[in-house]
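Contents: one structure, followed by commentary.
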Amino acid sequence: MQTHKPSSIVQHLSATGDMSPEEFRRYGYEIVDWIAQYLAETGKHPILSPVTPGAIRGMLPPHPNPGPESMDAILDDFKRIILPGITHWNMPGFMAYFNACASGPSILGEFLTSTLNVNAMLWRTSPAATELEQVTLDWIRQMLGLPNPLFGTLYESSSSSGTITALVTAREVIPNLAIRALGMAGRPDIPRLRLYISQETHMSVEKAAIAIGIGQEGVRKIETDALFRMDTMALAHAVQEDLAAGWLPFAVVATVGTTSTGSIDPVAHIADICEQYGLWLHVDAAYGGSAAIDPTMRWVLNGCERADSLCINPYKWLFTTLDGSIFYTRRPADVKAAFSLLPDYLENAESLSDEVPNMMEYGLALGKRFRALKLWMVIRYFGQEGLASRIHMHCDLAQLLARRIEASPDFQLLAPVSFSLVCFRAHHTNAIDDEAQLEILNQRIIEHVNAEGHFFLSHTRIKKRFALRVAVGNLRITEANIDELWITLQAALATEQAVL
Ligand SMILES: *Cc1c(COP(=O)(O)O)cnc(C)c1O
């Protein structure tokens, strides 16, 4: 029999337990000072990290340190090794993808969430986490102009998981299939299910279809019109054609603010078709939804009051840190029926009454971060009008850049500017029209701009044409950043044109 011997691990320990309160205070203040300075020093770091693949890994020891190390040494390495490998999403020059902007109140909210570290899986595992989430999401519902009490409110880690929640529920409400209980495989009684999206829909929806066993063939991509919106005539036609061919249409995903161009699907028309054929309507408003907080942008959610479910990511345009995606549904009872499994060890008095929800019954995950706290702090700190005016200003800045592009003979807009997203390319009115050449030129421009370090732009392809993409969304952005970007773009064009 083995006896308990002091191991080398124990010999190395200087103490048991956590950091002392004094040490926590000391390094806590130091880190807060560092954060405040970091957020203020907007020009200091190259926005896109210039490191080569493997460089960061090469600077890190391959094995863990056997004994304790000082916080001083750890923080030094954070600055020396980690920071150079960071792409600075939180700086105003970050205009790639969709900006994910962390405001001060959100960062501080994360401190408190980490400190409490509650798991809000059940109401009783932290009543305030569940109730604050419900109140905060109802505030947001009001700010967006969505109806009450049509929407039950939940909060997911990402809109990809929200889409899975929507599609699993959509599949479960199909009468007589009982897929939750019986599964889909080996059942000749189940026709193949069909989901409708557009050519511009985010790939996460197709992934969700893969995950729930619909398969990529079960996803039908509907053509878009000249403004990149789902063609509803084509949708209706596709549903009829599929029905005639023996498919079982069950859901449509419409988008408010597509990833490439920010286009808005005609949700009200799509809702008509969904009602006619009994299809679940999920709206992906991950980026664009927040804009409806600005009263002049309220219309972007027209028709969404008829959606069965809808997701919005506060981490994209509501100044709240990753992660967190709001999942609204008009049909919380159906979501619960699709997902709820309460094992003995989680049974509780509240689950028997309908007074309060247990959030674990409304989706895939059990564990749940207290994400509502930061969102609540952001809303309280900026106020509804403060949020609206910041969003409005971002749209104004995008329009400002678009006007410069339109007025310039050297550049060309490739899509109408919606929200705060500008898609364009260098294309002189009297010069090369060769698409391959234009692509090379524009690729070089983007690499040139990104290498200079003040901006990070990404690209997309619009009707096969390579486009530069500028997404405005950072809280600390000003008109001066747009001026500088415009000068940088022109200089990059001049240089790259000369060497081409
Ligand atoms: C960002 C985005 C997504 C993906 O969101 P995640 O939260 O990362 O899953 C989906 N759809 C649209 C329109 C988006 O902009």
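Following the order of the structure tokens, first chain is A, next is B, and so on, with residues numbered from 1 inside each chain and ligands from 1 in the order they appear.
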All strand (DSSP E) residues (DSSP, backbone) inside range 280-335 of chain A, as a ChimeraX atom specification: /A:280-284,309-312,325-329
Mind dumping a table of every chain A residue within 8 Å of ligand 1, with the nearest atom pair and its distance in Å to one decimal, using only C-alpha atoms and all ligand atoms, sorted by chain and rising number, as a tab-separated table?
```
residue	atom	partner	partner_atom_place_in_ligand_line	distance
A:Phe98	CA	ligand 1	15 (O)	7.0
A:Ser157	CA	ligand 1	7 (O)	7.0
A:Ser158	CA	ligand 1	7 (O)	3.4
A:Ser159	CA	ligand 1	7 (O)	3.8
A:Ser160	CA	ligand 1	9 (O)	3.6
A:Ser161	CA	ligand 1	9 (O)	6.6
A:Gly162	CA	ligand 1	9 (O)	7.9
A:Thr201	CA	ligand 1	13 (C)	6.9
A:His202	CA	ligand 1	11 (N)	4.8
A:Met203	CA	ligand 1	10 (C)	7.4
A:Ser204	CA	ligand 1	10 (C)	5.9
A:Val205	CA	ligand 1	10 (C)	7.5
A:Thr255	CA	ligand 1	13 (C)	6.3
A:Val256	CA	ligand 1	13 (C)	7.0
A:Gly257	CA	ligand 1	13 (C)	5.8
A:Thr258	CA	ligand 1	13 (C)	4.8
A:Thr259	CA	ligand 1	15 (O)	4.9
A:Asp284	CA	ligand 1	13 (C)	5.7
A:Ala285	CA	ligand 1	13 (C)	5.9
A:Ala286	CA	ligand 1	14 (C)	4.8
A:Tyr287	CA	ligand 1	15 (O)	4.6
A:Gly288	CA	ligand 1	13 (C)	7.4
A:Asn313	CA	ligand 1	7 (O)	6.3
A:Lys316	CA	ligand 1	1 (C)	7.3
A:Asp323	CA	ligand 1	7 (O)	7.6
A:Gly324	CA	ligand 1	7 (O)	7.2
A:Ser325	CA	ligand 1	7 (O)	6.0
```
Just the selected residues (N, CA and C atoms), exported as a CSV table (one decimal), in the first residue's frame, please.
```
chain,number,residue,atom,x,y,z
A,98,PHE,N,-16.5,43.3,-37.7
A,98,PHE,CA,-17.3,44.2,-37.0
A,98,PHE,C,-16.6,44.5,-35.7
A,157,SER,N,-24.0,32.8,-25.3
A,157,SER,CA,-22.6,33.3,-25.4
A,157,SER,C,-22.3,33.9,-26.8
A,158,SER,N,-22.9,33.3,-27.8
A,158,SER,CA,-22.7,33.8,-29.2
A,158,SER,C,-23.9,33.6,-30.0
A,159,SER,N,-24.1,34.4,-31.1
A,159,SER,CA,-25.3,34.2,-31.9
A,159,SER,C,-25.3,32.9,-32.6
A,160,SER,N,-24.1,32.3,-32.8
A,160,SER,CA,-24.1,30.9,-33.3
A,160,SER,C,-24.9,30.0,-32.4
A,161,SER,N,-24.7,30.1,-31.1
A,161,SER,CA,-25.4,29.2,-30.3
A,161,SER,C,-26.9,29.6,-30.2
A,162,GLY,N,-27.2,30.9,-30.3
A,162,GLY,CA,-28.6,31.3,-30.4
A,162,GLY,C,-29.3,30.7,-31.6
A,201,THR,N,-26.3,35.2,-46.0
A,201,THR,CA,-26.5,34.9,-44.6
A,201,THR,C,-25.1,34.4,-44.0
A,202,HIS,N,-24.9,34.8,-42.8
A,202,HIS,CA,-23.7,34.4,-42.1
A,202,HIS,C,-23.5,32.9,-42.0
A,203,MET,N,-22.3,32.5,-42.2
A,203,MET,CA,-22.0,31.0,-42.3
A,203,MET,C,-22.4,30.3,-41.0
A,204,SER,N,-22.5,31.0,-39.9
A,204,SER,CA,-22.8,30.3,-38.7
A,204,SER,C,-24.2,29.6,-38.7
A,205,VAL,N,-25.1,30.1,-39.6
A,205,VAL,CA,-26.4,29.5,-39.8
A,205,VAL,C,-26.2,28.1,-40.4
A,255,THR,N,-31.8,38.1,-42.2
A,255,THR,CA,-30.7,38.9,-41.6
A,255,THR,C,-31.0,40.4,-41.6
A,256,VAL,N,-30.8,41.0,-40.5
A,256,VAL,CA,-30.8,42.5,-40.4
A,256,VAL,C,-29.4,42.9,-40.2
A,257,GLY,N,-28.7,43.3,-41.3
A,257,GLY,CA,-27.3,43.7,-41.2
A,257,GLY,C,-26.4,42.5,-41.6
A,258,THR,N,-26.4,42.2,-42.9
A,258,THR,CA,-25.5,41.1,-43.3
A,258,THR,C,-24.1,41.4,-43.1
A,259,THR,N,-23.3,40.3,-43.0
A,259,THR,CA,-21.9,40.5,-42.7
A,259,THR,C,-21.1,41.2,-43.8
A,284,ASP,N,-31.5,37.0,-37.7
A,284,ASP,CA,-30.1,37.3,-37.2
A,284,ASP,C,-29.8,38.8,-37.4
A,285,ALA,N,-29.9,39.4,-36.2
A,285,ALA,CA,-29.6,40.9,-36.2
A,285,ALA,C,-28.3,41.1,-35.3
A,286,ALA,N,-27.4,40.2,-35.4
A,286,ALA,CA,-26.2,40.2,-34.5
A,286,ALA,C,-25.5,41.5,-34.5
A,287,TYR,N,-25.3,42.0,-35.7
A,287,TYR,CA,-24.6,43.4,-35.8
A,287,TYR,C,-25.7,44.5,-35.9
A,288,GLY,N,-26.6,44.4,-36.8
A,288,GLY,CA,-27.5,45.5,-37.1
A,288,GLY,C,-28.5,45.8,-36.1
A,313,ASN,N,-26.1,40.9,-30.9
A,313,ASN,CA,-24.9,40.8,-30.1
A,313,ASN,C,-24.5,42.1,-29.5
A,316,LYS,N,-21.0,43.5,-30.3
A,316,LYS,CA,-20.7,44.0,-31.6
A,316,LYS,C,-20.9,45.5,-31.7
A,323,ASP,N,-18.0,37.9,-24.1
A,323,ASP,CA,-18.9,37.4,-25.1
A,323,ASP,C,-20.3,37.9,-24.7
A,324,GLY,N,-21.3,37.4,-25.4
A,324,GLY,CA,-22.7,37.7,-25.1
A,324,GLY,C,-23.5,38.0,-26.3
A,325,SER,N,-24.6,37.2,-26.5
A,325,SER,CA,-25.5,37.5,-27.6
A,325,SER,C,-26.9,37.3,-27.0
```
Contacts of range 140-146 of chain A within 6 Å, only C-alpha atoms, excl. fewer than 4 positions in-chain, as a list in words: Ala292, Ile293 and Glu305 of chain A
Can you spit out the residues from that selection as a short mmCIF file (atom, residue, chain, number, x, y, z; two decimals), in the first residue's frame, using C-alpha atoms?
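Result file is selection.cif:
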```
data_model
loop_
_atom_site.label_atom_id
_atom_site.label_comp_id
_atom_site.auth_asym_id
_atom_site.auth_seq_id
_atom_site.Cartn_x
_atom_site.Cartn_y
_atom_site.Cartn_z
CA ALA A 292 -32.58 50.37 -33.68
CA ILE A 293 -31.76 52.05 -30.36
CA GLU A 305 -42.01 41.81 -34.12
#
```
Distance table requested - range 227-315 of chain A against range 173-180 of chain A, cut-off 10 Å, only C-alpha atoms: one row per qualifying residue with the closest atom pair and its distance in Å to one decimal, ordered by chain and rising residue number, as JSON lines.
```
{"residue": "A:Leu248", "atom": "CA", "partner": "A:Ile174", "partner_atom": "CA", "distance": 9.5}
{"residue": "A:Pro249", "atom": "CA", "partner": "A:Ile174", "partner_atom": "CA", "distance": 9.8}
{"residue": "A:Phe250", "atom": "CA", "partner": "A:Ile174", "partner_atom": "CA", "distance": 7.3}
{"residue": "A:Gly278", "atom": "CA", "partner": "A:Ile174", "partner_atom": "CA", "distance": 8.8}
{"residue": "A:Leu279", "atom": "CA", "partner": "A:Ile174", "partner_atom": "CA", "distance": 8.9}
{"residue": "A:Trp280", "atom": "CA", "partner": "A:Val173", "partner_atom": "CA", "distance": 8.8}
```
Residue among A:Gln199, A:Gln490, A:Thr169, A:Asn474 lying closest to Tyr362 in chain A, counting only C-alpha atoms: A:Thr169
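Minimum distance to Ser458 in chain A across A:Arg425, A:Leu137, A:Arg57, A:Arg194 (counting only C-alpha atoms) occurs at A:Arg425.
In terms of minimum interatomic distance to Ala467 in chain A, A:Val422 ranks closest within A:Val422, A:Leu485, A:Met233, A:Ala36, counting only C-alpha atoms.
Close contacts of range 215-225 of chain A, defined as residues with an atom at most 7 Å away when counting only C-alpha atoms, with chain neighbours fewer than 3 positions off set aside, comprise Leu193, Arg194, Leu195, Tyr196, Ile197, Ser198, Gln199, Glu206, Ala209, Ile210, Phe228, Arg229, Met230, Asp231, Ala234 and Leu235 of chain A.
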Distance in Å - CA of His282 in chain A versus CA of Ile212 in chain A: 15.5 Å
Shell of 12 Å around Ala402 in chain A, only C-alpha atoms, local chain residues under 2 positions omitted, as a PyMOL selection string: chain A and resi 395-400+404-408+411-425+469-472+482-483+486
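Rounded to one decimal, CA of Gly28 in chain A and CA of Glu69 in chain A lie 16.8 Å from each other.
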Separation of CA of Arg476 in chain A from CA of Met91 in chain A in Å: 7.3 Å
DSSP helix (DSSP H, G or I) selection over range 41-116 of chain A, as an MDAnalysis selection string: chainID A and resid 55:59 71:85 104:116
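Minimum atom-to-atom distances from A:Gln443, A:Asn430, A:Gln37, A:Ser309 to Ala271 in chain A were compared using only C-alpha atoms, and the lowest value belongs to A:Ser309.
Nearest to Asp294 in chain A of all the residues A:Asp434, A:Glu156, A:Glu361, A:Glu385 is A:Glu385, counting only C-alpha atoms.
Comparing A:Lys336, A:Leu318, A:Ile446, A:Ser49 by their smallest distance to Gly383 in chain A, the closest is A:Leu318 (using only C-alpha atoms).
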Nearby residues (only C-alpha atoms) at most 12 Å from Met377 in chain A, same-chain spacing under 3 positions excluded, as a list in words: Ser103, Gly104, Pro105, Ser106, Ile107, Leu108, Gly109, Glu110, Phe111, Leu112, Thr113, Leu132, Glu133, Thr136, Leu318, Phe319, Thr320, Thr321, Arg371, Ala372, Leu373, Lys374, Arg380, Tyr381, Phe382 and Gly383 of chain A
Could you please take those selected residues and save C-alpha atoms as a short mmCIF file (atom, residue, chain, number, x, y, z; two decimals), in the first residue's frame?
```
data_model
loop_
_atom_site.label_atom_id
_atom_site.label_comp_id
_atom_site.auth_asym_id
_atom_site.auth_seq_id
_atom_site.Cartn_x
_atom_site.Cartn_y
_atom_site.Cartn_z
CA SER A 103 -16.39 50.45 -22.84
CA GLY A 104 -15.13 51.41 -19.39
CA PRO A 105 -18.33 50.38 -17.58
CA SER A 106 -18.30 47.04 -19.39
CA ILE A 107 -14.69 46.30 -18.44
CA LEU A 108 -15.47 47.16 -14.82
CA GLY A 109 -18.59 45.02 -15.00
CA GLU A 110 -16.39 42.09 -16.06
CA PHE A 111 -14.29 42.62 -12.93
CA LEU A 112 -17.37 42.19 -10.80
CA THR A 113 -18.70 39.24 -12.79
CA LEU A 132 -31.17 41.31 -13.60
CA GLU A 133 -30.80 39.55 -16.95
CA THR A 136 -31.86 44.30 -18.65
CA LEU A 318 -23.42 48.00 -27.83
CA PHE A 319 -20.05 48.75 -26.28
CA THR A 320 -20.07 45.61 -24.14
CA THR A 321 -17.20 43.14 -23.94
CA ARG A 371 -23.21 38.46 -18.45
CA ALA A 372 -26.13 40.74 -17.74
CA LEU A 373 -24.18 42.69 -15.13
CA LYS A 374 -21.85 44.41 -17.60
CA ARG A 380 -26.99 52.73 -16.81
CA TYR A 381 -23.73 54.53 -17.53
CA PHE A 382 -24.53 55.84 -21.03
CA GLY A 383 -28.33 55.97 -20.84
#
```
Distance query range 80-87 of chain A at most 12 Å, only C-alpha atoms, self and fewer than 3 positions along chain excluded, as a ChimeraX atom specification: /A:38,44-61,73-77,90-91,93-96,99-100,450,453-457
Put those residues in a file: N, CA, C and O atoms, as a compact mmCIF listing (two decimals), in the first residue's frame.
```txt
# COMPACT_ATOMS: atom_id res chain seq x y z
N TYR A 38 -3.69 52.25 -21.33
CA TYR A 38 -3.82 51.52 -22.61
C TYR A 38 -4.97 52.10 -23.43
O TYR A 38 -4.82 52.37 -24.63
N LYS A 44 -0.45 54.02 -29.96
CA LYS A 44 0.83 53.44 -29.55
C LYS A 44 1.14 52.07 -30.19
O LYS A 44 2.29 51.78 -30.49
N HIS A 45 0.10 51.26 -30.36
CA HIS A 45 0.35 49.90 -30.83
C HIS A 45 -0.09 49.74 -32.29
O HIS A 45 -1.09 50.30 -32.68
N PRO A 46 0.66 48.93 -33.07
CA PRO A 46 0.13 48.60 -34.41
C PRO A 46 -1.18 47.84 -34.23
O PRO A 46 -1.24 46.90 -33.45
N ILE A 47 -2.21 48.27 -34.96
CA ILE A 47 -3.54 47.69 -34.70
C ILE A 47 -3.54 46.19 -35.02
O ILE A 47 -4.00 45.39 -34.23
N LEU A 48 -3.03 45.84 -36.19
CA LEU A 48 -2.94 44.41 -36.54
C LEU A 48 -1.58 43.92 -36.06
O LEU A 48 -0.55 44.46 -36.45
N SER A 49 -1.58 42.91 -35.21
CA SER A 49 -0.31 42.43 -34.67
C SER A 49 0.63 42.02 -35.80
O SER A 49 0.24 41.26 -36.68
N PRO A 50 1.88 42.52 -35.78
CA PRO A 50 2.80 42.20 -36.88
C PRO A 50 3.56 40.89 -36.68
O PRO A 50 4.40 40.56 -37.51
N VAL A 51 3.31 40.14 -35.63
CA VAL A 51 4.15 38.96 -35.36
C VAL A 51 3.93 37.87 -36.42
O VAL A 51 2.88 37.80 -37.04
N THR A 52 4.96 37.04 -36.57
CA THR A 52 4.86 35.93 -37.52
C THR A 52 4.32 34.69 -36.79
O THR A 52 4.45 34.60 -35.56
N PRO A 53 3.74 33.76 -37.53
CA PRO A 53 3.18 32.56 -36.87
C PRO A 53 4.24 31.84 -36.03
O PRO A 53 5.36 31.65 -36.48
N GLY A 54 3.88 31.48 -34.83
CA GLY A 54 4.79 30.76 -33.93
C GLY A 54 5.67 31.65 -33.08
O GLY A 54 6.32 31.16 -32.15
N ALA A 55 5.72 32.95 -33.39
CA ALA A 55 6.65 33.83 -32.67
C ALA A 55 6.32 33.92 -31.18
O ALA A 55 7.22 33.89 -30.33
N ILE A 56 5.04 34.04 -30.87
CA ILE A 56 4.64 34.18 -29.46
C ILE A 56 4.91 32.86 -28.73
O ILE A 56 5.51 32.83 -27.65
N ARG A 57 4.52 31.80 -29.36
CA ARG A 57 4.72 30.48 -28.77
C ARG A 57 6.21 30.23 -28.48
O ARG A 57 6.58 29.68 -27.44
N GLY A 58 7.05 30.68 -29.43
CA GLY A 58 8.50 30.49 -29.27
C GLY A 58 9.07 31.23 -28.08
O GLY A 58 10.13 30.87 -27.57
N MET A 59 8.38 32.28 -27.64
CA MET A 59 8.89 33.04 -26.49
C MET A 59 8.36 32.50 -25.16
O MET A 59 8.77 32.96 -24.09
N LEU A 60 7.43 31.56 -25.23
CA LEU A 60 6.85 31.04 -24.00
C LEU A 60 7.53 29.72 -23.62
O LEU A 60 7.82 28.90 -24.50
N PRO A 61 7.79 29.50 -22.34
CA PRO A 61 8.43 28.24 -21.93
C PRO A 61 7.53 27.06 -22.30
O PRO A 61 6.31 27.16 -22.15
N ALA A 73 6.81 39.45 -12.30
CA ALA A 73 7.37 38.73 -13.45
C ALA A 73 6.26 38.39 -14.46
O ALA A 73 6.46 38.49 -15.68
N ILE A 74 5.10 38.02 -13.96
CA ILE A 74 3.99 37.63 -14.85
C ILE A 74 3.53 38.85 -15.66
O ILE A 74 3.35 38.76 -16.88
N LEU A 75 3.38 39.98 -14.98
CA LEU A 75 2.92 41.18 -15.69
C LEU A 75 3.97 41.70 -16.67
O LEU A 75 3.63 42.21 -17.74
N ASP A 76 5.23 41.54 -16.31
CA ASP A 76 6.29 41.93 -17.25
C ASP A 76 6.18 41.11 -18.52
O ASP A 76 6.32 41.63 -19.64
N ASP A 77 5.95 39.81 -18.36
CA ASP A 77 5.85 38.95 -19.54
C ASP A 77 4.59 39.25 -20.35
O ASP A 77 4.59 39.12 -21.57
N ASN A 90 -9.74 47.00 -29.55
CA ASN A 90 -10.38 48.06 -28.78
C ASN A 90 -9.87 49.46 -29.13
O ASN A 90 -10.15 50.41 -28.42
N MET A 91 -9.14 49.55 -30.23
CA MET A 91 -8.60 50.86 -30.64
C MET A 91 -9.43 51.39 -31.82
O MET A 91 -9.91 50.60 -32.64
N GLY A 93 -8.66 52.60 -34.60
CA GLY A 93 -8.20 52.23 -35.94
C GLY A 93 -8.61 50.83 -36.36
O GLY A 93 -8.41 50.43 -37.51
N PHE A 94 -9.18 50.08 -35.45
CA PHE A 94 -9.66 48.74 -35.79
C PHE A 94 -11.00 48.88 -36.51
O PHE A 94 -12.01 49.20 -35.90
N MET A 95 -10.99 48.65 -37.82
CA MET A 95 -12.22 48.81 -38.60
C MET A 95 -12.51 47.56 -39.41
O MET A 95 -13.28 47.59 -40.37
N ALA A 96 -11.88 46.46 -39.05
CA ALA A 96 -12.09 45.20 -39.75
C ALA A 96 -13.34 44.50 -39.20
O ALA A 96 -13.83 44.85 -38.12
N ASN A 99 -16.43 45.81 -35.43
CA ASN A 99 -15.68 46.20 -34.25
C ASN A 99 -16.33 45.61 -33.00
O ASN A 99 -17.54 45.54 -32.90
N ALA A 100 -15.52 45.14 -32.08
CA ALA A 100 -16.04 44.69 -30.79
C ALA A 100 -15.45 45.63 -29.76
O ALA A 100 -14.27 45.56 -29.48
N ASN A 450 -2.79 48.05 -43.68
CA ASN A 450 -2.67 47.26 -42.45
C ASN A 450 -1.23 47.23 -41.94
O ASN A 450 -1.00 47.24 -40.73
N GLY A 453 0.03 50.10 -39.61
CA GLY A 453 -0.22 49.98 -38.17
C GLY A 453 -1.29 50.88 -37.58
O GLY A 453 -1.71 50.66 -36.45
N HIS A 454 -1.74 51.88 -38.33
CA HIS A 454 -2.74 52.78 -37.73
C HIS A 454 -4.16 52.27 -37.90
O HIS A 454 -5.07 52.70 -37.20
N PHE A 455 -4.35 51.40 -38.88
CA PHE A 455 -5.70 50.88 -39.16
C PHE A 455 -5.61 49.39 -39.45
O PHE A 455 -4.59 48.90 -39.89
N PHE A 456 -6.71 48.73 -39.20
CA PHE A 456 -6.85 47.35 -39.65
C PHE A 456 -8.18 47.26 -40.39
O PHE A 456 -9.24 47.47 -39.82
N LEU A 457 -8.08 47.02 -41.71
CA LEU A 457 -9.28 46.85 -42.54
C LEU A 457 -9.36 45.40 -42.98
O LEU A 457 -8.35 44.72 -43.13
```
